[in-house]
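J.: Mind looking over this structure? Questions follow.
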Amino acid sequence: MTGSKQAVVCIGGFWDGFSSRRQHFMQRFAEMGVRILFVEPSESWRAAFSSARRSPLLLPRFRRVLPNLDVLSPTIALPLRHNRLVSMVNHAAWSHQIRRALSRNGLEPGVMWIYDPRYADAVRTIRPRSIVFDMVDDYMPDEYGGWRVRRGTRWLLEHSDVCVFTTPVLAGKYASMTRSHLVIPNGFDPERFNREDTDRPDDWPDVPGPVLGFVGTLFRHIDFDCLSDAAALARARGGVLLVIGGAEPSGREGARKVADAGGILLGPRPHMELRRYIQRFSLCLAPFVRNDVAASVSPLKVYEYTACGRPVFATGLRSLDSDPIGAFVYRGEEMRLEEALDRALALGADDFAALASSASQATWDRRFESLKEGLGRLGALPGTWNSG
């Protein structure tokens with residue numbers, strides 16, 4: 001298909017549901033005129049037979065969500081997908097669906113932009129012009145995942161043309177394994193997270209004391225001891241801890257511990273509604289356990305909290321050591337939670353404005369400009385290829 005236009009094939013995560021790094025970057029490439037095929041995880045058998053599907057039974061779901069940006073939801077080939085042989089068959093079938101979706105639109109795979117290292121096997125079948133591995137977490141430690149994740153991560157680090165790390169911590173560990181790399185932290189959407197007034201949520205607690213808050217997924221790398229201490233501290237002062245977000249299986253026991261300590265688990269809320277809660281928290285929490293995985297996290301929630309002008313208490317996030325926003329965060333390594341709450345309650349309007357201003361350099365627009373400049377410097381910017 002010589003002369004066909006080349007596309008970015010982005011693999012990892014769902015398009016619908018929440019505002020993510022991959023969505024923001026791919027949308028901005030599409031706005032530049034780059035064709036994007038955003039590939040969601042393969043459909044489960046349960047989803048494949050669900051009446052909620054918007055395509056015929058067992059066929060891939062293909063839809064255009066923006067000009068130049070299409071979303072493909074492949075079907076699976078075989079169950080027992082964690083078996084090595086089955087995984088190879090599934091990825092071959094999955095890759096065929098991707099190539100077919102590209103071909104029918106007159107496209108070729110220019111760049112494979114991969115977030116999830118479990119899909120490294122698909123690269124060999126799709127045979128893209130180049131590979132970008134956007135490494136948002138440290139997948140190599142045993143506490144993150146299994147051998148397939150580690151094997152895929154190592155392969156992508158060694159074979160990608162560009163690796164994009166979200167923190168200097170990740171770059172310090174793995175840059176020597178790469179051909180070239182960039183460091184582009186996470187960011188936030190200033191249209192969704194800012195200091196503009198919002199209505200009080202209907203389920204906001206009626207308490208006289210401080211309301212501490214955590215927003216995010218509850219999983220094994222969250223410091224549930226810190227959340228439980230926050231729940232007890234809030235209750236002792238006539239307030240409450242609110243936890244907004246779902247719990248993964250690895251976080252359910254910790255979630256019960258937080259609830260037993262008096263925390264209120266509200267469950268997930270629409271992303272557009274989060275600012276209504278964050279703006280009213282006396283102190284926002286970003287508690288991670290102290291391990292290699294958490295040390296490498298780029299703190300998206302910290303940016304969103306501070307963009308709303310709210311004080312933050314964080315633990316385990318070593319990346320804050322080299323992030324300018326770290327100077328505005330109360331760190332568990334430096335002070336106790338009680339002291340952080342006292343300081344937060346003493347802040348005034350000027351302090352809240354300064355907090356919001358501290359996040360201004362971390363918008364997704366600024367992150368994308370840094371990404372675009374870095375890829376251009378490396379000769380890997382989508383849209384500048386020779387399509388012939």
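We label chains A, B, ... in the order they appear in the structure tokens, count residues from 1 in each chain, and number ligands from 1 in the order shown.
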Excluding A:Ile98 and any residue of its chain fewer than 4 positions from it, enumerate the residues within 9 Å of it, using only C-alpha atoms, and give them as a PyMOL selection string.
T.: chain A and resi 9+37+39+72+74+93-94+102-103+126
J.: Which polymer residues have any atom within 10 Å of an atom of A:Asp16, counting only C-alpha atoms, with same-chain residues fewer than 6 positions away left out, as an MDAnalysis selection string?
T.: chainID A and resid 23 40 65 71
J.: What gap, in Å, lies between atom CA of A:Val312 and atom CA of A:Val183?
T.: 23.8 Å
J.: Measuring between only C-alpha atoms, which one of A:Pro185, A:Gly33, A:Pro117, A:Pro201 shows the shortest distance to A:Val297?
T.: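 Distance minimum relative to A:Val297 lands on A:Pro185.
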J.: I need the residue nearest A:Lys372 from this list: A:Val289, A:Ala354, A:Ala175, A:Val164. Use only C-alpha atoms for the distance.
T.: A:Val164
J.: Write out as a tab-separated table a residue-level contact list of stretch 278-313 of chain A versus stretch 212-227 of chain A with cut-off 7 Å: for each qualifying residue the closest pair of atoms and the distance in Å to one decimal, counting only C-alpha atoms, rows sorted by chain and residue number upward.
T.:
```
residue	atom	partner	partner_atom	distance
A:Phe281	CA	A:Leu212	CA	5.5
A:Ser282	CA	A:Leu212	CA	5.6
A:Leu283	CA	A:Leu212	CA	5.0
A:Cys284	CA	A:Gly213	CA	4.9
A:Leu285	CA	A:Phe214	CA	5.1
A:Ala286	CA	A:Phe214	CA	6.8
A:Pro287	CA	A:Asp223	CA	5.2
A:Phe288	CA	A:Ile222	CA	4.4
A:Val289	CA	A:Asp223	CA	4.7
A:Ala294	CA	A:His221	CA	6.7
```
J.: Write out as a PyMOL selection string which residues come within 9 Å of A:Pro128 when counting only C-alpha atoms, dropping same-chain ones fewer than 5 positions away.
T.: chain A and resi 9+108-112+123
J.: Can you check which residues of stretch 279-322 of chain A DSSP gives as strand (DSSP E or B) on the backbone and send them as a PyMOL selection string?
T.: chain A and resi 283-288+312-315
J.: What's around stretch 139-148 of chain A at 12 Å? Count only C-alpha atoms, leave out sequence neighbours fewer than 4 positions away in its own chain, and write the answer as number ranges by chain.
T.: A: 81-84, 87-88, 115-121, 134-135, 152-157, 165, 170, 173-174, 219-221, 250, 289-297
J.: Write out, as a compact mmCIF listing (two decimals), in the first residue's frame, the residues just selected, with N, CA, C and O atoms.
T.:
```txt
# COMPACT_ATOMS: atom_id res chain seq x y z
N ARG A 81 -6.65 -16.30 28.13
CA ARG A 81 -5.74 -15.43 27.42
C ARG A 81 -4.37 -15.30 28.08
O ARG A 81 -3.42 -14.79 27.46
N HIS A 82 -4.21 -15.71 29.33
CA HIS A 82 -2.92 -15.59 30.00
C HIS A 82 -1.98 -16.75 29.66
O HIS A 82 -0.81 -16.71 30.00
N ASN A 83 -2.50 -17.79 29.01
CA ASN A 83 -1.65 -18.85 28.53
C ASN A 83 -0.77 -18.32 27.39
O ASN A 83 -1.24 -17.59 26.53
N ARG A 84 0.50 -18.71 27.38
CA ARG A 84 1.45 -18.17 26.40
C ARG A 84 1.01 -18.44 24.97
O ARG A 84 1.00 -17.53 24.13
N SER A 87 -2.16 -16.55 24.17
CA SER A 87 -1.85 -15.13 24.02
C SER A 87 -1.31 -14.82 22.63
O SER A 87 -1.68 -13.81 22.02
N MET A 88 -0.46 -15.69 22.11
CA MET A 88 0.10 -15.47 20.78
C MET A 88 -0.99 -15.53 19.72
O MET A 88 -1.03 -14.71 18.79
N TYR A 115 0.93 1.98 25.54
CA TYR A 115 0.89 2.25 26.97
C TYR A 115 0.96 0.98 27.80
O TYR A 115 1.55 0.98 28.88
N ASP A 116 0.33 -0.07 27.33
CA ASP A 116 0.23 -1.30 28.10
C ASP A 116 1.23 -2.33 27.57
O ASP A 116 1.09 -2.82 26.44
N PRO A 117 2.26 -2.68 28.35
CA PRO A 117 3.30 -3.58 27.85
C PRO A 117 2.81 -4.99 27.57
O PRO A 117 3.51 -5.77 26.91
N ARG A 118 1.62 -5.36 28.03
CA ARG A 118 1.09 -6.69 27.73
C ARG A 118 0.80 -6.87 26.25
O ARG A 118 0.63 -7.99 25.78
N TYR A 119 0.74 -5.77 25.51
CA TYR A 119 0.44 -5.85 24.09
C TYR A 119 1.68 -5.77 23.21
O TYR A 119 1.59 -5.53 22.01
N ALA A 120 2.84 -5.99 23.80
CA ALA A 120 4.08 -5.94 23.02
C ALA A 120 4.09 -7.00 21.92
O ALA A 120 4.66 -6.79 20.84
N ASP A 121 3.46 -8.15 22.17
CA ASP A 121 3.44 -9.22 21.17
C ASP A 121 2.79 -8.78 19.86
O ASP A 121 3.14 -9.29 18.79
N ASP A 134 5.11 4.71 25.84
CA ASP A 134 4.83 5.73 26.84
C ASP A 134 4.71 5.01 28.18
O ASP A 134 3.67 4.44 28.52
N MET A 135 5.79 5.03 28.97
CA MET A 135 5.87 4.25 30.20
C MET A 135 5.40 5.11 31.37
O MET A 135 6.12 5.97 31.86
N GLY A 152 7.15 -7.91 28.45
CA GLY A 152 6.74 -6.92 27.47
C GLY A 152 7.42 -5.58 27.69
O GLY A 152 7.81 -4.89 26.74
N THR A 153 7.58 -5.19 28.95
CA THR A 153 8.24 -3.93 29.27
C THR A 153 9.69 -3.94 28.81
O THR A 153 10.17 -2.98 28.18
N ARG A 154 10.38 -5.02 29.10
CA ARG A 154 11.79 -5.11 28.69
C ARG A 154 11.93 -5.05 27.17
O ARG A 154 12.79 -4.36 26.64
N TRP A 155 11.04 -5.77 26.47
CA TRP A 155 11.11 -5.76 25.01
C TRP A 155 10.86 -4.37 24.45
O TRP A 155 11.56 -3.90 23.54
N LEU A 156 9.87 -3.69 25.00
CA LEU A 156 9.55 -2.34 24.50
C LEU A 156 10.66 -1.35 24.82
O LEU A 156 10.98 -0.47 24.00
N LEU A 157 11.25 -1.44 26.00
CA LEU A 157 12.35 -0.57 26.34
C LEU A 157 13.51 -0.74 25.36
O LEU A 157 14.14 0.25 24.94
N PHE A 165 9.07 8.65 29.36
CA PHE A 165 8.91 8.36 30.78
C PHE A 165 8.14 9.49 31.44
O PHE A 165 8.31 10.66 31.11
N LEU A 170 11.80 7.14 36.66
CA LEU A 170 11.75 6.09 35.66
C LEU A 170 12.91 6.21 34.67
O LEU A 170 13.54 5.21 34.31
N LYS A 173 16.13 4.89 36.00
CA LYS A 173 16.21 3.43 36.08
C LYS A 173 16.42 2.77 34.72
O LYS A 173 17.15 1.79 34.59
N TYR A 174 15.74 3.31 33.67
CA TYR A 174 15.63 2.54 32.44
C TYR A 174 16.13 3.25 31.18
O TYR A 174 16.14 2.63 30.11
N PHE A 219 -6.31 0.76 45.22
CA PHE A 219 -5.62 -0.47 44.83
C PHE A 219 -4.43 -0.66 45.74
O PHE A 219 -4.21 0.10 46.68
N ARG A 220 -3.65 -1.70 45.51
CA ARG A 220 -2.68 -2.15 46.50
C ARG A 220 -1.55 -1.17 46.77
O ARG A 220 -0.88 -1.30 47.79
N HIS A 221 -1.33 -0.20 45.91
CA HIS A 221 -0.23 0.74 46.14
C HIS A 221 -0.67 1.99 46.91
O HIS A 221 0.13 2.89 47.15
N SER A 250 -7.48 -5.75 44.67
CA SER A 250 -6.34 -5.63 45.58
C SER A 250 -6.54 -4.56 46.64
O SER A 250 -5.78 -4.49 47.60
N VAL A 289 1.99 3.92 49.21
CA VAL A 289 2.94 3.17 50.01
C VAL A 289 4.35 3.48 49.51
O VAL A 289 4.55 3.91 48.37
N ARG A 290 5.33 3.25 50.34
CA ARG A 290 6.71 3.55 49.96
C ARG A 290 7.33 2.31 49.33
O ARG A 290 7.88 1.47 50.01
N ASN A 291 7.24 2.21 48.00
CA ASN A 291 7.89 1.13 47.27
C ASN A 291 8.34 1.65 45.91
O ASN A 291 8.13 2.82 45.57
N ASP A 292 8.96 0.79 45.11
CA ASP A 292 9.52 1.22 43.83
C ASP A 292 8.45 1.68 42.86
O ASP A 292 8.67 2.59 42.06
N VAL A 293 7.28 1.05 42.90
CA VAL A 293 6.21 1.43 41.99
C VAL A 293 5.71 2.84 42.30
O VAL A 293 5.63 3.71 41.42
N ALA A 294 5.39 3.09 43.55
CA ALA A 294 4.88 4.41 43.94
C ALA A 294 5.92 5.50 43.76
O ALA A 294 5.58 6.64 43.42
N ALA A 295 7.19 5.16 43.97
CA ALA A 295 8.25 6.16 43.84
C ALA A 295 8.32 6.73 42.43
O ALA A 295 8.79 7.85 42.23
N SER A 296 7.84 5.97 41.45
CA SER A 296 7.95 6.38 40.06
C SER A 296 6.69 7.04 39.51
O SER A 296 6.64 7.41 38.34
N VAL A 297 5.66 7.17 40.33
CA VAL A 297 4.37 7.69 39.87
C VAL A 297 4.45 9.19 39.60
O VAL A 297 4.98 9.97 40.40
```
J.: Would you mind telling me which residue in A:Asp351, A:Asp203, A:Asp260, A:Ala362 lies nearest to A:Tyr303 when using only C-alpha atoms?
T.: A:Ala362
J.: Counting only C-alpha atoms, what is within 9 Å of stretch 25-30 of chain A, bar same-chain residues fewer than 6 positions away, as a count of residues only?
T.: 15
J.: Neighbours of A:Leu233 within 8 Å (only C-alpha atoms; same-chain residues fewer than 4 positions away dropped), as a ChimeraX atom specification?
T.: /A:229,237,338
J.: Just to be explicit: take each residue in the selection above, keep N, CA, C and O atoms, and write the result as a short mmCIF file (atom, residue, chain, number, x, y, z; two decimals), in the first residue's frame.
T.:
```
data_model
loop_
_atom_site.label_atom_id
_atom_site.label_comp_id
_atom_site.auth_asym_id
_atom_site.auth_seq_id
_atom_site.Cartn_x
_atom_site.Cartn_y
_atom_site.Cartn_z
N ASP A 229 -5.82 6.60 59.20
CA ASP A 229 -5.44 7.64 60.16
C ASP A 229 -6.16 8.95 59.87
O ASP A 229 -6.57 9.66 60.78
N ARG A 237 -11.95 15.55 65.13
CA ARG A 237 -12.12 16.99 65.04
C ARG A 237 -13.51 17.38 64.54
O ARG A 237 -13.72 18.51 64.08
N GLU A 338 -1.31 15.29 61.14
CA GLU A 338 -1.95 16.29 62.00
C GLU A 338 -1.39 17.69 61.74
O GLU A 338 -2.15 18.67 61.68
#
```
J.: Within 12 Å of A:Glu339, counting only C-alpha atoms, which residues qualify if same-chain residues fewer than 4 places away don't, as a ChimeraX atom specification?
T.: /A:230,233,283,313,330-332,334-335,343-346
J.: Distance atom CA of A:Trp113-atom CA of A:Val132, one decimal place?
T.: 4.8 Å
J.: Taking only stretch 205-349 of chain A into account, list the residues labelled helix (DSSP H, G or I) by DSSP (computed from the backbone), as a PyMOL selection string.
T.: chain A and resi 224-236+249-260+271-278+292-295+300-307+318-322+324-328+337-345+349
J.: In Å, how far is it from atom CA of A:Met177 to atom CA of A:Cys163?
T.: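 Separation between atom CA of A:Met177 and atom CA of A:Cys163: 9.7 Å.
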